[in-house]
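Participant: Below are the structure tokens for one structure; questions will follow.
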Amino acid sequence: MKPRSIHHVDLDAFFASVEELLDPAISGLPIIVGGDPQGRGVVASCSYAARAFGVHSAMPVAQALRLCPQAIVRHGHHSVYAAYSRRVMAILAEYTPLLEQISIDEAFLDVTGSDRLFGAPETLAHTIQNRIQVECGLPSSLGVAGNKLVAKIASARAKPRGVLVVPSGQEAAFLAPLTIDRLWGVGDVTADRLRKEGISTIGKLAALPLRDMERLFGNGAAGMHRRALGIDDRPVVTEWHRKSVSQERTFARDVSSIEVLMHCLLQMSEEVAAQLRKDGDCARTVVLKMRYPDFTTITRRVTLAQPTNLAEVLHQEASQLLRREWKRGAQLRLIGIGATGLVRGRQLALFDDHSEQLSRLSRAVDKIRSRYGRDSIRRAALLETSESPEEQPPREGNGRPMV
Amino acid sequence: MRFSCLQENLAKGLATVGRAVATRSTLPVLSNILLATEEGRLKLSATNLEVGINCWIGAKVEEDGATTIPARLLADFVNSLPPERIEVQLITRTQTLSLKCANYEANVKGIDAQEFPIIMTLGDDMTVNLEPQALREMINQVAFAAALDESRPVLTGVLAELSGSRLTMAAADGFRLSVRSSDLAAAAPESVSVIIPARALQEVARVSAEEENPIRMSVASNRSQVFFHMTNIDVVSQLVDGNFPDYKQIIPKSHSTRTVVDSVALLQAIKIASYFARDSANIVRLRITPGEAGSGGRLTVMANSAELGDNVTEMGAEVEGAAIEIAFNAKYLLDVFSVISAPKVALETSNPQSPGVIRPVGDDRFIHVIMPMHIAR
């Protein structure tokens with residue numbers, strides 16, 4: 001197969017940049033878009049001027065304001081962001097039909113074979129960047145490589161307002177000096193662990209013998225090795241119907257209490273179920289993912305008689321899988337729940353039974369949350385308790401498909 | 001015990017009782033079939049403690065006796081034999097059954113017949129006579145709608161109501177309801193309402209395939225068992241304890257659209273659509289369009305799958321009422337249209353979230369209700 005030409009386009013500090021457009025007076029100042037500093041709001045986006053003070057996304061707003069007291073806090077104009085996002089995506093769509101939008105401010109383009117039309121990949125990258133700046137007033141960074149994995153890392157390296165091209169054949173060499181946490185599939189906890197082993201760069205990871213990789217990553221070793229070498233065959237997916245919805249948590253400290261794990265599953269079941277309902281999907285299969293401290297990762301699945309979009313059903317099935325798999329004294333570093341086999345239709349029930357009542361209740365809760373916020377209503381079982389395990393906070397753009 | 005019988009007879013008898021053999025039991029004798037001589041015939045019995053079947057076959061009995069033999073091995077061996085006479089003898093001391101047929105011979109180890117549970121025989125219970133053909137049809141039209149999962153035990157059964165000279169059977173699995181009634185030749189001595197396991201009724205339908213005489217159905221006076229007595233076969237079943245939901249409440253009293261179509265054409269259209277619906281939750285959409293002045297109405301059957309493709313079948317229909325588009329699980333539609341023999345069927349609908357009612361035109365003894373599927377956006 002001839003080398004592909006994949007561009008990863010990422011808008012720089014997107015929400016903050018839009019805020020600057022809305023209010024030119026604050027342009028260039030430290031801007032934080034995020035939640036309420038009095039509560040537990042976190043930074044959703046921040047301008048580069050704010051980043052200079054050490055502020056970064058996912059940080060509690062209160063902490064960000066301690067680092068940078070003069071920062072201007074905006075609570076977000078999501079419909080405006082969405083409108084700008086659509087304008088940017090419309091520009092990108094002019095260059096290729098192979099366009100995969102992965103979030104509000106990021107997209108992959110497969111422009112393989114369009115050199116004659118648009119010039120060399122680097123030229124095209126600058127053209128796109130320029131058009132986004134001129135037509136939408138937004139700064140962006142582009143990474144260009146032979147696959148999505150490397151293109152995305154390249155755009156992150158190019159930030160802000162940069163273009164970085166990784167020539168074909170240079171992928172492994174490009175990744176080698178980068179720190180380990182840049183690699184897809186390496187979260188903070190894994191990165192810490194690798195650093196303790198003396199593996200600080202992607203190059204060191206790529207050079208590890210298979211035996212060490214298996215010890216570190218269990219059955220994920222082969223995939224991790226390929227990624228460390230910059231190999232990724234995933235195509236740019238243009239039109240996709242979501243195939244699965246999943247959630248997972250990596251614990252800061254391994255968890256040995258099944259009650260804590262069940263509690264965690266309930267929380268994630270709610271999120272997965274809400275997403276299913278939002279997309280109008282029901283899931284036929286529930287998947288439980290467990291990762292042990294030695295990185296061995298197993299998944300267990302059960303197929304339901306009737307597809308569901310109810311947290312209660314997901315939780316019940318996942319708990320049952322967990323109980324069946326659980327051995328006394330075991331510990332987990334990660335637990336995840338997934339819903340797959342998605343279908344766009346729900347069989348209505350003949351009797352007004354428990355599941356119909358739950359269905360109505362869930363829709364009512366969805367409505368309340370969409371109006372008054374996610375934390376406006378919650379299950380008694382999910383009130384903060386001392387039992388809640390410490391979790392790794394989620395990072396921006398961290399939505400990884402599990403199954 | 002010593003007897004001889006024809007291979008065909010024994011094979012058929014074993015097949016008759018075989019479905020009642022317990023498949024996963026902690027009691028080893030329940031995996032066996034009881035063989036006992038009885039008044040010059042051979043009696044075969046099997047039970048899983050929920051359903052029991054007795055079957056009598058012709059045999060030349062030379063010495064009375066009884067034993068139980070592993071069902072699977074015995075049936076596999078007998079089915080492999082040529083259609084000739086089998087000589088059977090029990091070596092009592094070792095409970096080993098010796099079988100000889102043509103040049104084949106086998107010794108099969110059994111378990112003492114004393115350990116086999118006694119299957120109830122007919123007492124002075126409430127009894128009605130049922131026409132075998134009508135009973136089989138009733139069972140076929142109702143039992144499939146019973147629930148397979150055990151989360152609500154009463155729904156795994158078929159409600160059988162005897163009142164006057166009318167027998168009504170109803171089954172529902174939470175998503176559909178099937179109701180069929182039938183007139184008896186004579187009034188029942190008393191009104192009875194029992195829940196019979198759907199599996200047991202399906203066995204009755206199966207084993208009565210060649211029955212020509214009326215089948216005697218009896219309900220034990222303590223309402224714990226039901227008994228079906230045929231010429232050479234008895235089926236006995238435990239009854240399901242509990243209250244069946246009030247199914248009459250579920251049958252919609254009104255509708256806004258009534259669509260009459262050719263049964264065969266509709267079944268064919270749904271079958272085709274079901275292939276395309278396999279990947280998308282079995283969703284089949286029915287679009288009903290009234291014509292002008294009561295004629296020229298259309299029914300469109302549609303299915304699509306994002307990955308596989310789509311399918312549309314259009315047919316003429318007599319439509320009374322408003323246009324509607326409603327989605328159903330293809331399997332439920334296939335199940336019901338497969339058991340309707342009337343040339344035309346009527347589908348009554350109100351709105352896409354309310355149950356659809358299916359009736360064979362010109363036969364008010366059968367009614368079927370299916371809940372639709374809700375399609376997101």
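Chain lettering (A, B, ...) mirrors the order of the structure tokens, residue numbering begins at 1 for each chain separately, and ligand numbering begins at 1 in order of display.
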Each residue of chain A with at least one atom at most 10 Å from chain B should appear once, together with its nearest atom pair and the corresponding distance in Å (one decimal); atoms considered: only C-alpha atoms; ordering: chain, then increasing residue number; output as a Markdown table.

Facilitator:
```
| residue | atom | partner | partner_atom | distance |
| --- | --- | --- | --- | --- |
| A:Trp240 | CA | B:Ala306 | CA | 9.7 |
| A:His241 | CA | B:Ala306 | CA | 8.5 |
| A:Arg277 | CA | B:Ala376 | CA | 8.9 |
| A:Lys278 | CA | B:Ala376 | CA | 9.5 |
| A:Asp279 | CA | B:Ala376 | CA | 8.1 |
| A:Gly280 | CA | B:Ala376 | CA | 4.9 |
| A:Asp281 | CA | B:Ala376 | CA | 7.3 |
| A:Cys282 | CA | B:Ala281 | CA | 9.3 |
| A:Ala283 | CA | B:Ala281 | CA | 9.7 |
| A:Arg284 | CA | B:Ala281 | CA | 8.6 |
| A:Ala305 | CA | B:Asp149 | CA | 8.6 |
| A:Gln306 | CA | B:Ala281 | CA | 9.3 |
| A:Pro307 | CA | B:Ala281 | CA | 8.2 |
| A:Gly341 | CA | B:Ala281 | CA | 9.0 |
| A:Leu342 | CA | B:Ser280 | CA | 8.2 |
| A:Val343 | CA | B:Ser280 | CA | 5.6 |
| A:Arg344 | CA | B:Ala376 | CA | 6.0 |
| A:Gly345 | CA | B:Ile375 | CA | 4.4 |
| A:Arg346 | CA | B:His374 | CA | 5.0 |
| A:Gln347 | CA | B:Met373 | CA | 4.3 |
| A:Leu348 | CA | B:Met373 | CA | 5.5 |
| A:Ala349 | CA | B:Phe175 | CA | 5.0 |
| A:Leu350 | CA | B:Phe175 | CA | 4.9 |
| A:Phe351 | CA | B:Gly174 | CA | 6.1 |
| A:Asp352 | CA | B:Gly174 | CA | 9.2 |
| A:Asp353 | CA | B:Gly174 | CA | 8.6 |
```

Participant: Give me the residues near stretch 191-206 of chain B as number ranges by chain, where near means some atom within 9 Å (using only C-alpha atoms) and where sequence neighbours in that chain fewer than 6 positions away do not count.

Facilitator: B: 16, 19-20, 50-53, 126, 132, 135-137, 139-140, 142-147, 154-164, 171, 219, 223-226, 228, 234-244

Participant: If we count only C-alpha atoms, what is near A:Arg378 at a cut-off of 10 Å, once residues fewer than 5 positions away on the same chain are taken out, given as a count of residues only?

Facilitator: 5

Participant: Give me, as a VMD selection string, all polymer residues having an atom no more than 12 Å from B:Val78, counting only C-alpha atoms and skipping those fewer than 6 positions away in the same chain.

Facilitator: chain B and resid 5 to 15 71 to 72 84 to 88 99 to 102 104 to 106 108

Participant: Keeping C-alpha atoms, export the residues of the selection given above as a PDB file, in the first residue's frame.

Facilitator:
```
ATOM      1  CA  CYS B   5     -41.175 -55.643  19.879  1.00  0.00           C
ATOM      2  CA  LEU B   6     -40.720 -54.080  16.472  1.00  0.00           C
ATOM      3  CA  GLN B   7     -37.849 -51.622  16.083  1.00  0.00           C
ATOM      4  CA  GLU B   8     -40.190 -48.991  14.531  1.00  0.00           C
ATOM      5  CA  ASN B   9     -42.545 -49.140  17.505  1.00  0.00           C
ATOM      6  CA  LEU B  10     -39.812 -48.861  20.094  1.00  0.00           C
ATOM      7  CA  ALA B  11     -38.073 -46.047  18.208  1.00  0.00           C
ATOM      8  CA  LYS B  12     -41.325 -44.112  17.937  1.00  0.00           C
ATOM      9  CA  GLY B  13     -42.148 -44.663  21.598  1.00  0.00           C
ATOM     10  CA  LEU B  14     -38.726 -43.486  22.676  1.00  0.00           C
ATOM     11  CA  ALA B  15     -39.081 -40.366  20.514  1.00  0.00           C
ATOM     12  CA  ALA B  71     -32.467 -42.284  27.359  1.00  0.00           C
ATOM     13  CA  ARG B  72     -29.849 -40.970  25.001  1.00  0.00           C
ATOM     14  CA  GLU B  84     -36.852 -55.794  12.538  1.00  0.00           C
ATOM     15  CA  ARG B  85     -37.907 -57.449  15.767  1.00  0.00           C
ATOM     16  CA  ILE B  86     -35.874 -56.622  18.866  1.00  0.00           C
ATOM     17  CA  GLU B  87     -35.450 -59.195  21.611  1.00  0.00           C
ATOM     18  CA  VAL B  88     -35.087 -57.518  25.002  1.00  0.00           C
ATOM     19  CA  LEU B  99     -31.052 -55.967  23.332  1.00  0.00           C
ATOM     20  CA  LYS B 100     -30.696 -58.121  20.224  1.00  0.00           C
ATOM     21  CA  CYS B 101     -31.819 -57.184  16.735  1.00  0.00           C
ATOM     22  CA  ALA B 102     -30.644 -58.939  13.566  1.00  0.00           C
ATOM     23  CA  TYR B 104     -26.702 -56.286  16.494  1.00  0.00           C
ATOM     24  CA  GLU B 105     -26.496 -56.823  20.205  1.00  0.00           C
ATOM     25  CA  ALA B 106     -26.030 -54.468  23.140  1.00  0.00           C
ATOM     26  CA  VAL B 108     -27.052 -51.252  28.530  1.00  0.00           C
TER      27      VAL B 108
END
```

Participant: With only C-alpha atoms as the counted atoms, please give the residues lying no more than 8 Å from B:Ser218, apart from itself and same-chain residues fewer than 2 positions off, as a PyMOL selection string.

Facilitator: chain B and resi 122+125-128+216+220+226-228

Participant: Which neighbours of stretch 268-277 of chain B fall inside 7 Å, counting only C-alpha atoms, when residues of the same chain fewer than 5 positions from it are skipped, and could you give them as an MDAnalysis selection string?

Facilitator: chainID B and resid 282:284 301:305 308:311 313 330 334

Participant: Take the residues that were just selected and, keeping all heavy atoms, output them as a tab-separated table (two decimals), in the first residue's frame.

Facilitator:
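See out_16.tsv below for the written result:
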```tsv
chain	number	residue	atom	x	y	z
B	282	ASN	N	-33.93	-6.22	14.24
B	282	ASN	CA	-35.12	-6.85	13.68
B	282	ASN	C	-36.25	-5.88	13.39
B	282	ASN	O	-37.41	-6.27	13.36
B	282	ASN	CB	-35.66	-7.93	14.64
B	282	ASN	CG	-35.14	-9.28	14.28
B	282	ASN	OD1	-34.81	-9.55	13.12
B	282	ASN	ND2	-35.03	-10.15	15.26
B	283	ILE	N	-35.90	-4.60	13.20
B	283	ILE	CA	-36.95	-3.60	13.02
B	283	ILE	C	-37.51	-3.66	11.60
B	283	ILE	O	-36.78	-3.53	10.62
B	283	ILE	CB	-36.41	-2.18	13.29
B	283	ILE	CG1	-35.95	-2.08	14.74
B	283	ILE	CG2	-37.46	-1.13	12.96
B	283	ILE	CD1	-35.15	-0.83	15.03
B	284	VAL	N	-38.81	-3.88	11.52
B	284	VAL	CA	-39.50	-3.82	10.23
B	284	VAL	C	-40.54	-2.71	10.35
B	284	VAL	O	-41.28	-2.64	11.32
B	284	VAL	CB	-40.20	-5.16	9.92
B	284	VAL	CG1	-41.14	-5.02	8.75
B	284	VAL	CG2	-39.17	-6.23	9.63
B	301	VAL	N	-43.93	-2.58	3.34
B	301	VAL	CA	-43.11	-3.24	4.35
B	301	VAL	C	-41.66	-2.88	4.07
B	301	VAL	O	-41.17	-3.09	2.95
B	301	VAL	CB	-43.31	-4.77	4.30
B	301	VAL	CG1	-42.45	-5.46	5.36
B	301	VAL	CG2	-44.77	-5.12	4.48
B	302	MET	N	-40.98	-2.31	5.08
B	302	MET	CA	-39.63	-1.80	4.84
B	302	MET	C	-38.67	-2.26	5.92
B	302	MET	O	-39.03	-2.35	7.09
B	302	MET	CB	-39.64	-0.27	4.85
B	302	MET	CG	-40.56	0.35	3.82
B	302	MET	SD	-40.72	2.14	4.07
B	302	MET	CE	-41.78	2.20	5.47
B	303	ALA	N	-37.44	-2.52	5.50
B	303	ALA	CA	-36.39	-2.81	6.48
B	303	ALA	C	-35.10	-2.27	5.92
B	303	ALA	O	-34.89	-2.26	4.71
B	303	ALA	CB	-36.28	-4.31	6.70
B	304	ASN	N	-34.23	-1.79	6.79
B	304	ASN	CA	-32.92	-1.39	6.30
B	304	ASN	C	-31.86	-1.59	7.35
B	304	ASN	O	-32.13	-1.68	8.54
B	304	ASN	CB	-32.93	0.05	5.79
B	304	ASN	CG	-33.18	1.03	6.88
B	304	ASN	OD1	-32.39	1.11	7.83
B	304	ASN	ND2	-34.26	1.76	6.82
B	305	SER	N	-30.64	-1.73	6.85
B	305	SER	CA	-29.50	-1.90	7.73
B	305	SER	C	-28.40	-1.01	7.18
B	305	SER	O	-28.16	-0.98	5.98
B	305	SER	CB	-29.08	-3.37	7.72
B	305	SER	OG	-27.68	-3.47	7.86
B	308	LEU	N	-25.89	-3.39	5.51
B	308	LEU	CA	-26.29	-4.38	4.50
B	308	LEU	C	-27.05	-3.81	3.32
B	308	LEU	O	-26.88	-4.28	2.20
B	308	LEU	CB	-27.13	-5.47	5.17
B	308	LEU	CG	-26.41	-6.32	6.21
B	308	LEU	CD1	-27.37	-7.30	6.85
B	308	LEU	CD2	-25.26	-7.06	5.58
B	309	GLY	N	-27.93	-2.86	3.58
B	309	GLY	CA	-28.76	-2.35	2.50
B	309	GLY	C	-30.20	-2.29	2.93
B	309	GLY	O	-30.49	-2.34	4.13
B	310	ASP	N	-31.11	-2.16	1.97
B	310	ASP	CA	-32.50	-2.04	2.38
B	310	ASP	C	-33.43	-2.81	1.47
B	310	ASP	O	-33.02	-3.33	0.44
B	310	ASP	CB	-32.91	-0.56	2.46
B	310	ASP	CG	-32.65	0.15	1.16
B	310	ASP	OD1	-33.19	-0.27	0.12
B	310	ASP	OD2	-31.87	1.13	1.17
B	311	ASN	N	-34.67	-2.88	1.86
B	311	ASN	CA	-35.67	-3.67	1.17
B	311	ASN	C	-37.05	-3.03	1.35
B	311	ASN	O	-37.38	-2.58	2.43
B	311	ASN	CB	-35.64	-5.10	1.75
B	311	ASN	CG	-36.96	-5.83	1.61
B	311	ASN	OD1	-37.65	-6.04	2.59
B	311	ASN	ND2	-37.33	-6.18	0.40
B	313	THR	N	-41.24	-3.72	0.15
B	313	THR	CA	-42.25	-4.49	-0.57
B	313	THR	C	-43.56	-3.73	-0.44
B	313	THR	O	-43.94	-3.33	0.67
B	313	THR	CB	-42.44	-5.90	0.03
B	313	THR	OG1	-41.18	-6.54	0.10
B	313	THR	CG2	-43.40	-6.73	-0.82
B	330	ALA	N	-39.52	-7.95	13.59
B	330	ALA	CA	-39.86	-8.86	12.49
B	330	ALA	C	-40.20	-10.25	13.01
B	330	ALA	O	-41.09	-10.93	12.50
B	330	ALA	CB	-38.70	-8.94	11.50
B	334	LEU	N	-43.45	-12.43	12.14
B	334	LEU	CA	-43.32	-13.74	11.50
B	334	LEU	C	-44.02	-14.81	12.32
B	334	LEU	O	-44.74	-15.65	11.78
B	334	LEU	CB	-41.84	-14.13	11.36
B	334	LEU	CG	-41.07	-13.51	10.21
B	334	LEU	CD1	-39.63	-13.99	10.22
B	334	LEU	CD2	-41.72	-13.88	8.88
```

Participant: With a distance cut-off of 8 Å and only C-alpha atoms, select the neighbouring residues of B:Val357, excluding the residue or stretch itself and same-chain residues fewer than 5 positions from it, and output the selection as a list in words.

Facilitator: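 Listing them by chain and then by number gives Ile251, Pro252, Ala346, Leu347, Glu348, Thr349, Ile367, His368, Val369 and Ile370 of chain B.
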
Participant: Which distance in Å separates atom CA of B:Ser208 and atom CA of B:Ser263, to one decimal?

Facilitator: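 Between atom CA of B:Ser208 and atom CA of B:Ser263 the gap is 27.2 Å.
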